Structures are given as C-alpha cells and as structure tokens.
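Novice: Mind having a look at this structure? Questions to follow.
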Amino acid sequence: MSSLLRLLRRALPASTSAAASDTVKAKSYWTEIIKERNLEHLVEKFKNASVDEDFRTKTFVYKNAIHRLAAARKFNYVEEILEDQKHIRIYIKRVFDEMLERRCAQTVVSFNALLGACVNSKNFDEAEGLFKGLSKELEIEPDLVSYNTVLKAFCVTGSMDSAATLLDEMENKGLEADLITFNTLLHGFYAKGRFVDGERIWEQMKEKNVEPDKRSYNLKLLGLTLEKRMEDAVKVVEEMKSEGIQLDTFSYSALIRGFVNEGDLKNAKHWYLEIGKSGCKRDKLTLEGLIPFALQKGDFMFAYGICKYVLCSKLPVQNALIQSVVDALAKDSRLEEAKKLVGLGESCRAHSYKLELPKPPSNPMTYLVSVFHRV
C-alpha cells in the first residue's frame with residue numbers, strides 16, 4: 001500500500017476508507033436517517049454518516065433531511081449539517097501538505113483517490129490545482145480516471161471550454177475517451193444550453209465507436225427540450241426504443257417539461273399518461289410544473305387527477321399548488337372533487353397539507369347562476 005494512501009486514510013476519519021467501498025454500509029446509513037423521527041438524532045446520524053464517501057453521493061438523503069428539518073423550522077439544525085460538511089476540505093488540505101513534505105510514493109491510484117475526494121466534497125478548484133500542480137511535483141502521469149475526474153469538476157462549474165481543452169490534451173497523450181468521458185461532456189454542454197457543442201461531442205463519440213447508453217440519450221433529450229425541438233426529441237425516444245433502451249423517469253420528465261414549455265397540453269398529457277403505464281415514478285419537479293400549466297389551460301380535471309396522484313403517493317408538493325386546484329374546482333362548481341382533495345390532504349400523514357374549501361359567496365344567487373351556466 002502506498003504511503004499516499006496511508007496518509008489519506010489517516011487524515012480522514014478511520015471509518016472513511018473502509019466505508020468508501022461498502023455500499024451496504026452506506027445504505028444502512030441512509031435507511032436509518034430516513035426512518036429517524038427524532039430530528040436531533042437525525043442530525044447526529046447524518047454527521048456520522050458523512051465521513052462515508054459512498055453516503056456522500058446519495059443526494060436524495062441530503063434533500064430529504066434538509067426538507068424535513070426546514071419543514072419543522074429547525075433551521076439551526078440545517079446550518080449544523082452544512083457546517084459539518086466543511087471538515088472534509090480540511091482533511092484534503094492536510095493530505096496535500098503531508099504529500100509534499102514526505103515525497104509520497106508515486107502511484108496514480110492514490111493520486112486519483114485524492115482527486116476524487118476533492119470532487120466528491122465539491123472542492124473543484126482544489127481538484128484542478130492538484131491535477132496541474134501535484135502531478136508534476138510528484139512526477140505522476142495522470143490516467144483516464146484522473147482526466148475524467150477533472151472533466152467532471154470543469155463541467156459542474158460550467159468551465160466547458162476548459163473541459164474541451166482537457167479532452168484534446170488527454171487524446172494527444174494517447175488516452176482513449178470512454179463512455180464516462182463522453183457522458184460527462186454531454187451533460188455539461190447540453191445542460192448549459194450549448195447544444196451545437198453537445199452534438200459535436202455526440203458525433204465524436206459515434207466516430208470512436210463508443211455506444212451511447214440510456215444516460216447519453218437522456219442528455220440528448222435534455223438538450224433538445226431546452227432548444228424546444230420537441231419533434232426531434234420524440235424521434236430520439238423512438239430511436240431509444242428501437243435500440244432496446246427503456247425510457248426512465250428522466251426521459252419522460254424531459255418530454256413533459258419540454259411540451260409544457262411549448263404550451264402543448266395534448267402532448268404533455270400524453271407523456272404524463274405514458275409514464276404511468278411504464279411503471280416509472282413521476283417526479284416532484286415535473287408535477288409542480290404540470291399542475292399550474294393544466295390550470296392555465298383550463299383543464300381542471302387533469303389538474304385534479306395529478307393532485308390525487310400526488311396526495312395518494314405522499315409526494316411533498318407545495319401546499320399552495322394543491323390549494324390552487326381546490327380553489328379552481330370549487331369556482332368551477334366541482335365541489336365533490338374539491339372536497340376529495342381536501343380529504344386526501346387531511347389523511348396524508350407524511351406531509352402536513354392544510355387544504356381548505358373556499359368560502360361560499362355571500363350572495364347565494366351567485367352560486368345558482370354558476371350552476372345554471374354549467375347545466
């Protein structure tokens with residue numbers, strides 16, 4: 001074992017190196033955190049689990065914990081969790097300093113471990129600095145993993161021109177880009193609205209006989225929907241199916257959001273129903289965009305159906321969105337449906353929805369006239 005890796009293990013808490021490769025242990029961490037009802041205990045468990053590298057990749061646990069603490073107005077606990085994450089940077093700096101002092105063994109595996117620690121803890125500037133400076137200082141030749149790690153850092157920070165330059169440098173050194181390389185770049189370019197550059201990377205990937213996977217196609221879908229090229233996006237879906245690649249929640253959600261942005265209710269409804277047939281879960285963000293869109297288009301029953309799904313699935317959608325549907329249904333004299341949503345909100349123990357039927361108009365004739373018009 002290299003002295004660099006020993007330094008890394010000593011600088012980080014003792015459990016880090018063992019847990020980093022133990023997915024089962026990471027799963028037990030986040031399962032306990034999600035099940036924990038005592039918020040003070042939740043914070044302590046979260047802080048203890050944060051030393052585990054695999055646990056730190058579980059962003060949904062972060063979101064769940066922060067949402068629960070914020071909902072309970074325990075903002076001091078939220079601050080405590082975020083503050084605790086800063087200790088990782090201190091450990092990385094300690095390892096860096098000791099590496100230079102001790103002239104550690106020149107192993108690219110250990111070097112990559114340090115780069116990965118920087119990126120996983122979101123210290124992207126330090127990752128770039130280590131890549132450029134420490135590799136020369138210790139005479140380490142970066143490999144494909146090294147380049148992919150730094151490419152990720154560039155893409156996350158939006159430094160796409162630097163990422164493109166790094167790809168050229170990597171290939172000039174005789175390293176062949178792999179699927180991870182291309183997917184990292186596709187995500188960076190498509191998500192940042194640089195569709196033409198994303199297509200250039202796509203063609204480069206095909207030229208090098210690197211077969212796109214589900215993630216590659218989903219990223220292309222993202223790029224097309226941001227460009228409002230929905231006809232081409234549907235063609236990509238057809239290509240995915242012909243290649244035997246199953247659509248997932250991301251695929252469907254990209255299409256739904258794309259058609260919402262286009263103002264196309266018919267196709268947005270179509271893909272909303274398709275995701276239900278597929279067995280994939282509908283995601284919160286997409287539903288929060290679809291509900292007001294349905295109301296805007298005057299399709300109150302579609303909005304009602306979405307809200308029923310939300311409440312029955314115990315999704316944490318904004319209370320105001322559901323209330324807006326209750327109000328619209330009541331105004332449209334669909335009181336039975338409005339009452340149904342209020343009842344479902346009261347029975348939803350996972351999230352504290354507070355839905356209310358709007359007060360009836362002071363003039364009873366107003367209600368009778370609305371009923372008459374509906375008949």
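Residues in the structure tokens are numbered from 1 in each chain, the chains being A, B, ... in the order shown, and ligands are numbered from 1 in the order shown.
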Tell me, as a PyMOL selection string, which residues lie within 10 Å of segment 308-312 of chain A, counting only C-alpha atoms; anything in the same chain fewer than 3 positions away does not count.

Specialist: chain A and resi 282-284+287-288+302-305+315-317+322+337+340-348+350-351+353

Novice: Mind checking which residues fall within 7 Å of segment 34-45 of chain A, counting only C-alpha atoms, ignoring those fewer than 4 positions away in the same chain, and posting them as a PyMOL selection string?

Specialist: chain A and resi 30+49+77+81

Novice: Would you output that residue set with all heavy atoms, as a PDB file, in the first residue's frame?

Specialist:
```pdb
ATOM      1  N   TRP A  30     -28.261   5.641   5.235  1.00  0.00           N
ATOM      2  CA  TRP A  30     -29.365   6.490   4.793  1.00  0.00           C
ATOM      3  C   TRP A  30     -30.723   5.909   5.144  1.00  0.00           C
ATOM      4  O   TRP A  30     -31.695   6.647   5.337  1.00  0.00           O
ATOM      5  CB  TRP A  30     -29.253   6.843   3.305  1.00  0.00           C
ATOM      6  CG  TRP A  30     -29.309   5.755   2.266  1.00  0.00           C
ATOM      7  CD1 TRP A  30     -28.266   5.247   1.550  1.00  0.00           C
ATOM      8  CD2 TRP A  30     -30.471   5.102   1.754  1.00  0.00           C
ATOM      9  NE1 TRP A  30     -28.691   4.316   0.651  1.00  0.00           N
ATOM     10  CE2 TRP A  30     -30.049   4.201   0.740  1.00  0.00           C
ATOM     11  CE3 TRP A  30     -31.831   5.173   2.048  1.00  0.00           C
ATOM     12  CZ2 TRP A  30     -30.934   3.392   0.032  1.00  0.00           C
ATOM     13  CZ3 TRP A  30     -32.718   4.374   1.339  1.00  0.00           C
ATOM     14  CH2 TRP A  30     -32.266   3.493   0.344  1.00  0.00           C
ATOM     15  N   ALA A  49     -22.566   9.775   9.369  1.00  0.00           N
ATOM     16  CA  ALA A  49     -22.554   9.079   8.076  1.00  0.00           C
ATOM     17  C   ALA A  49     -21.778   9.848   7.019  1.00  0.00           C
ATOM     18  O   ALA A  49     -21.300   9.264   6.043  1.00  0.00           O
ATOM     19  CB  ALA A  49     -23.989   8.841   7.601  1.00  0.00           C
ATOM     20  N   TYR A  77     -30.544  23.357  12.856  1.00  0.00           N
ATOM     21  CA  TYR A  77     -30.068  22.016  12.514  1.00  0.00           C
ATOM     22  C   TYR A  77     -29.562  21.965  11.067  1.00  0.00           C
ATOM     23  O   TYR A  77     -28.573  21.286  10.763  1.00  0.00           O
ATOM     24  CB  TYR A  77     -31.177  20.990  12.712  1.00  0.00           C
ATOM     25  CG  TYR A  77     -31.483  20.641  14.150  1.00  0.00           C
ATOM     26  CD1 TYR A  77     -32.647  19.944  14.488  1.00  0.00           C
ATOM     27  CD2 TYR A  77     -30.614  20.995  15.176  1.00  0.00           C
ATOM     28  CE1 TYR A  77     -32.933  19.607  15.808  1.00  0.00           C
ATOM     29  CE2 TYR A  77     -30.889  20.666  16.490  1.00  0.00           C
ATOM     30  CZ  TYR A  77     -32.049  19.978  16.808  1.00  0.00           C
ATOM     31  OH  TYR A  77     -32.325  19.648  18.111  1.00  0.00           O
ATOM     32  N   ILE A  81     -25.728  20.870   9.869  1.00  0.00           N
ATOM     33  CA  ILE A  81     -25.370  19.853   8.872  1.00  0.00           C
ATOM     34  C   ILE A  81     -24.438  20.443   7.815  1.00  0.00           C
ATOM     35  O   ILE A  81     -23.419  19.847   7.455  1.00  0.00           O
ATOM     36  CB  ILE A  81     -26.636  19.282   8.209  1.00  0.00           C
ATOM     37  CG1 ILE A  81     -27.276  18.222   9.116  1.00  0.00           C
ATOM     38  CG2 ILE A  81     -26.316  18.645   6.861  1.00  0.00           C
ATOM     39  CD1 ILE A  81     -28.523  17.592   8.532  1.00  0.00           C
TER      40      ILE A  81
END
```

Novice: For Ala163 of chain A, find every residue with an atom within 10 Å (counting only C-alpha atoms), except residues of its own chain fewer than 4 positions away, and show them as a ChimeraX atom specification.

Specialist: /A:147-148,150-155,158-159,167-169,184-185,188-189

Novice: Using only N, CA, C and O atoms, please write the residues we just selected to a file, as a PDB file, in the first residue's frame.

Specialist:
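The result, stored in again-v4.pdb:
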```pdb
ATOM      1  N   TYR A 147      -8.257  12.164 -15.661  1.00  0.00           N
ATOM      2  CA  TYR A 147      -8.852  13.128 -16.588  1.00  0.00           C
ATOM      3  C   TYR A 147     -10.375  13.185 -16.435  1.00  0.00           C
ATOM      4  O   TYR A 147     -10.972  14.277 -16.448  1.00  0.00           O
ATOM      5  N   ASN A 148     -11.012  12.030 -16.298  1.00  0.00           N
ATOM      6  CA  ASN A 148     -12.470  12.018 -16.143  1.00  0.00           C
ATOM      7  C   ASN A 148     -12.912  12.747 -14.882  1.00  0.00           C
ATOM      8  O   ASN A 148     -13.945  13.417 -14.858  1.00  0.00           O
ATOM      9  N   VAL A 150     -11.333  15.272 -13.344  1.00  0.00           N
ATOM     10  CA  VAL A 150     -11.183  16.720 -13.509  1.00  0.00           C
ATOM     11  C   VAL A 150     -12.186  17.249 -14.541  1.00  0.00           C
ATOM     12  O   VAL A 150     -12.690  18.372 -14.405  1.00  0.00           O
ATOM     13  N   LEU A 151     -12.494  16.458 -15.559  1.00  0.00           N
ATOM     14  CA  LEU A 151     -13.531  16.846 -16.518  1.00  0.00           C
ATOM     15  C   LEU A 151     -14.860  17.092 -15.797  1.00  0.00           C
ATOM     16  O   LEU A 151     -15.577  18.052 -16.091  1.00  0.00           O
ATOM     17  N   LYS A 152     -15.169  16.213 -14.850  1.00  0.00           N
ATOM     18  CA  LYS A 152     -16.401  16.378 -14.077  1.00  0.00           C
ATOM     19  C   LYS A 152     -16.388  17.698 -13.316  1.00  0.00           C
ATOM     20  O   LYS A 152     -17.395  18.419 -13.273  1.00  0.00           O
ATOM     21  N   ALA A 153     -15.239  18.026 -12.729  1.00  0.00           N
ATOM     22  CA  ALA A 153     -15.124  19.284 -11.986  1.00  0.00           C
ATOM     23  C   ALA A 153     -15.360  20.480 -12.909  1.00  0.00           C
ATOM     24  O   ALA A 153     -16.084  21.416 -12.561  1.00  0.00           O
ATOM     25  N   PHE A 154     -14.763  20.458 -14.096  1.00  0.00           N
ATOM     26  CA  PHE A 154     -14.954  21.552 -15.054  1.00  0.00           C
ATOM     27  C   PHE A 154     -16.422  21.674 -15.466  1.00  0.00           C
ATOM     28  O   PHE A 154     -16.966  22.775 -15.555  1.00  0.00           O
ATOM     29  N   CYS A 155     -17.053  20.531 -15.727  1.00  0.00           N
ATOM     30  CA  CYS A 155     -18.441  20.551 -16.200  1.00  0.00           C
ATOM     31  C   CYS A 155     -19.399  21.042 -15.120  1.00  0.00           C
ATOM     32  O   CYS A 155     -20.339  21.785 -15.400  1.00  0.00           O
ATOM     33  N   GLY A 158     -19.197  24.691 -14.905  1.00  0.00           N
ATOM     34  CA  GLY A 158     -19.546  25.405 -16.130  1.00  0.00           C
ATOM     35  C   GLY A 158     -18.356  25.840 -16.957  1.00  0.00           C
ATOM     36  O   GLY A 158     -18.503  26.628 -17.903  1.00  0.00           O
ATOM     37  N   SER A 159     -17.177  25.326 -16.651  1.00  0.00           N
ATOM     38  CA  SER A 159     -15.968  25.692 -17.404  1.00  0.00           C
ATOM     39  C   SER A 159     -15.832  24.767 -18.613  1.00  0.00           C
ATOM     40  O   SER A 159     -14.885  23.966 -18.710  1.00  0.00           O
ATOM     41  N   LEU A 167     -10.025  17.531 -22.925  1.00  0.00           N
ATOM     42  CA  LEU A 167     -10.276  16.357 -23.767  1.00  0.00           C
ATOM     43  C   LEU A 167      -9.212  16.252 -24.855  1.00  0.00           C
ATOM     44  O   LEU A 167      -8.685  15.161 -25.116  1.00  0.00           O
ATOM     45  N   ASP A 168      -8.909  17.370 -25.490  1.00  0.00           N
ATOM     46  CA  ASP A 168      -7.867  17.368 -26.533  1.00  0.00           C
ATOM     47  C   ASP A 168      -6.518  16.961 -25.945  1.00  0.00           C
ATOM     48  O   ASP A 168      -5.772  16.178 -26.555  1.00  0.00           O
ATOM     49  N   GLU A 169      -6.195  17.491 -24.766  1.00  0.00           N
ATOM     50  CA  GLU A 169      -4.920  17.165 -24.117  1.00  0.00           C
ATOM     51  C   GLU A 169      -4.846  15.664 -23.818  1.00  0.00           C
ATOM     52  O   GLU A 169      -3.800  15.026 -24.033  1.00  0.00           O
ATOM     53  N   THR A 184     -20.000  12.727 -19.409  1.00  0.00           N
ATOM     54  CA  THR A 184     -19.691  13.907 -18.594  1.00  0.00           C
ATOM     55  C   THR A 184     -19.743  15.172 -19.444  1.00  0.00           C
ATOM     56  O   THR A 184     -20.330  16.189 -19.046  1.00  0.00           O
ATOM     57  N   LEU A 185     -19.157  15.113 -20.629  1.00  0.00           N
ATOM     58  CA  LEU A 185     -19.143  16.274 -21.524  1.00  0.00           C
ATOM     59  C   LEU A 185     -20.528  16.561 -22.097  1.00  0.00           C
ATOM     60  O   LEU A 185     -20.927  17.730 -22.223  1.00  0.00           O
ATOM     61  N   GLY A 188     -22.474  18.382 -19.521  1.00  0.00           N
ATOM     62  CA  GLY A 188     -22.010  19.752 -19.386  1.00  0.00           C
ATOM     63  C   GLY A 188     -22.510  20.657 -20.502  1.00  0.00           C
ATOM     64  O   GLY A 188     -23.040  21.747 -20.243  1.00  0.00           O
ATOM     65  N   PHE A 189     -22.383  20.213 -21.742  1.00  0.00           N
ATOM     66  CA  PHE A 189     -22.776  21.056 -22.876  1.00  0.00           C
ATOM     67  C   PHE A 189     -24.295  21.170 -23.031  1.00  0.00           C
ATOM     68  O   PHE A 189     -24.825  22.275 -23.161  1.00  0.00           O
TER      69      PHE A 189
END
```

Novice: Write out as a PyMOL selection string the set of residues from segment 89-272 of chain A that DSSP, computed on the backbone, places in alpha helix (DSSP H).

Specialist: chain A and resi 89-102+108-120+124-129+135-137+144-157+160-172+179-191+195-207+214-226+230-242+249-262+265-272

Novice: I'd like the neighbourhood of segment 243-254 of chain A as a ChimeraX atom specification, where a residue qualifies if any of its atoms comes within 8 Å (using only C-alpha atoms), though same-chain residues fewer than 2 positions away should be ignored.

Specialist: /A:213-214,218,221-222,225,237,239-241,256-258,271-272,274-275,280-283,286

Novice: Might you pull out every residue within 9 Å of Lys122 of chain A, with only C-alpha atoms counted and same-chain residues fewer than 4 positions away left off, and present them as a PyMOL selection string?

Specialist: chain A and resi 89+117-118+127+153

Novice: Save out the residues we just selected, N, CA, C and O atoms, as a PDB file, in the first residue's frame.

Specialist:
```
ATOM      1  N   ARG A  89     -12.898  19.466   3.598  1.00  0.00           N
ATOM      2  CA  ARG A  89     -11.875  20.274   2.933  1.00  0.00           C
ATOM      3  C   ARG A  89     -10.593  20.344   3.762  1.00  0.00           C
ATOM      4  O   ARG A  89      -9.475  20.321   3.235  1.00  0.00           O
ATOM      5  N   ALA A 117     -11.660  12.680  -3.848  1.00  0.00           N
ATOM      6  CA  ALA A 117     -12.094  13.265  -2.576  1.00  0.00           C
ATOM      7  C   ALA A 117     -12.412  14.746  -2.750  1.00  0.00           C
ATOM      8  O   ALA A 117     -13.377  15.261  -2.176  1.00  0.00           O
ATOM      9  N   CYS A 118     -11.606  15.436  -3.554  1.00  0.00           N
ATOM     10  CA  CYS A 118     -11.859  16.862  -3.819  1.00  0.00           C
ATOM     11  C   CYS A 118     -13.192  17.061  -4.536  1.00  0.00           C
ATOM     12  O   CYS A 118     -13.993  17.914  -4.155  1.00  0.00           O
ATOM     13  N   ALA A 127      -9.293  20.469  -6.885  1.00  0.00           N
ATOM     14  CA  ALA A 127      -9.093  19.320  -7.779  1.00  0.00           C
ATOM     15  C   ALA A 127      -8.256  19.738  -8.982  1.00  0.00           C
ATOM     16  O   ALA A 127      -7.308  19.046  -9.377  1.00  0.00           O
ATOM     17  N   ALA A 153     -15.239  18.026 -12.729  1.00  0.00           N
ATOM     18  CA  ALA A 153     -15.124  19.284 -11.986  1.00  0.00           C
ATOM     19  C   ALA A 153     -15.360  20.480 -12.909  1.00  0.00           C
ATOM     20  O   ALA A 153     -16.084  21.416 -12.561  1.00  0.00           O
TER      21      ALA A 153
END
```

Novice: Find, counting only C-alpha atoms, the residue in A:Phe293, A:Lys339, A:Phe300, A:Leu130 that gets nearest to Val325 of chain A.

Specialist: A:Phe300

Novice: Taking only C-alpha atoms into account, which of A:Lys354, A:Arg229, A:Lys220, A:Lys277 comes nearest Leu321 of chain A?

Specialist: A:Lys354

Novice: Could you list, as a VMD selection string, every residue within 9 Å of Ala177 of chain A, counting only C-alpha atoms and ignoring same-chain residues fewer than 2 positions away?

Specialist: chain A and resid 144 148 167 170 to 171 175 179 to 182 205 208 210

Novice: Quick one, how far is atom CA of Leu186 of chain A from atom CA of Asp232 of chain A?

Specialist: 17.1 Å

Novice: How many Å separate atom CA of Ser242 of chain A from atom CA of Val260 of chain A?

Specialist: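 Between these atoms lies a distance of 25.9 Å.
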
Novice: Please, what distance in Å, to one decimal, runs between atom CA of Phe60 of chain A and atom CA of Gly198 of chain A?

Specialist: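 These atoms are spaced 27.4 Å apart.
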
Novice: Would you please work out which residue, of A:Gln296, A:Ser352, A:Tyr217, A:Ile140, is nearest to Lys314 of chain A when using only C-alpha atoms?

Specialist: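 Once distances to Lys314 of chain A are computed over only C-alpha atoms, the minimum belongs to A:Ser352.
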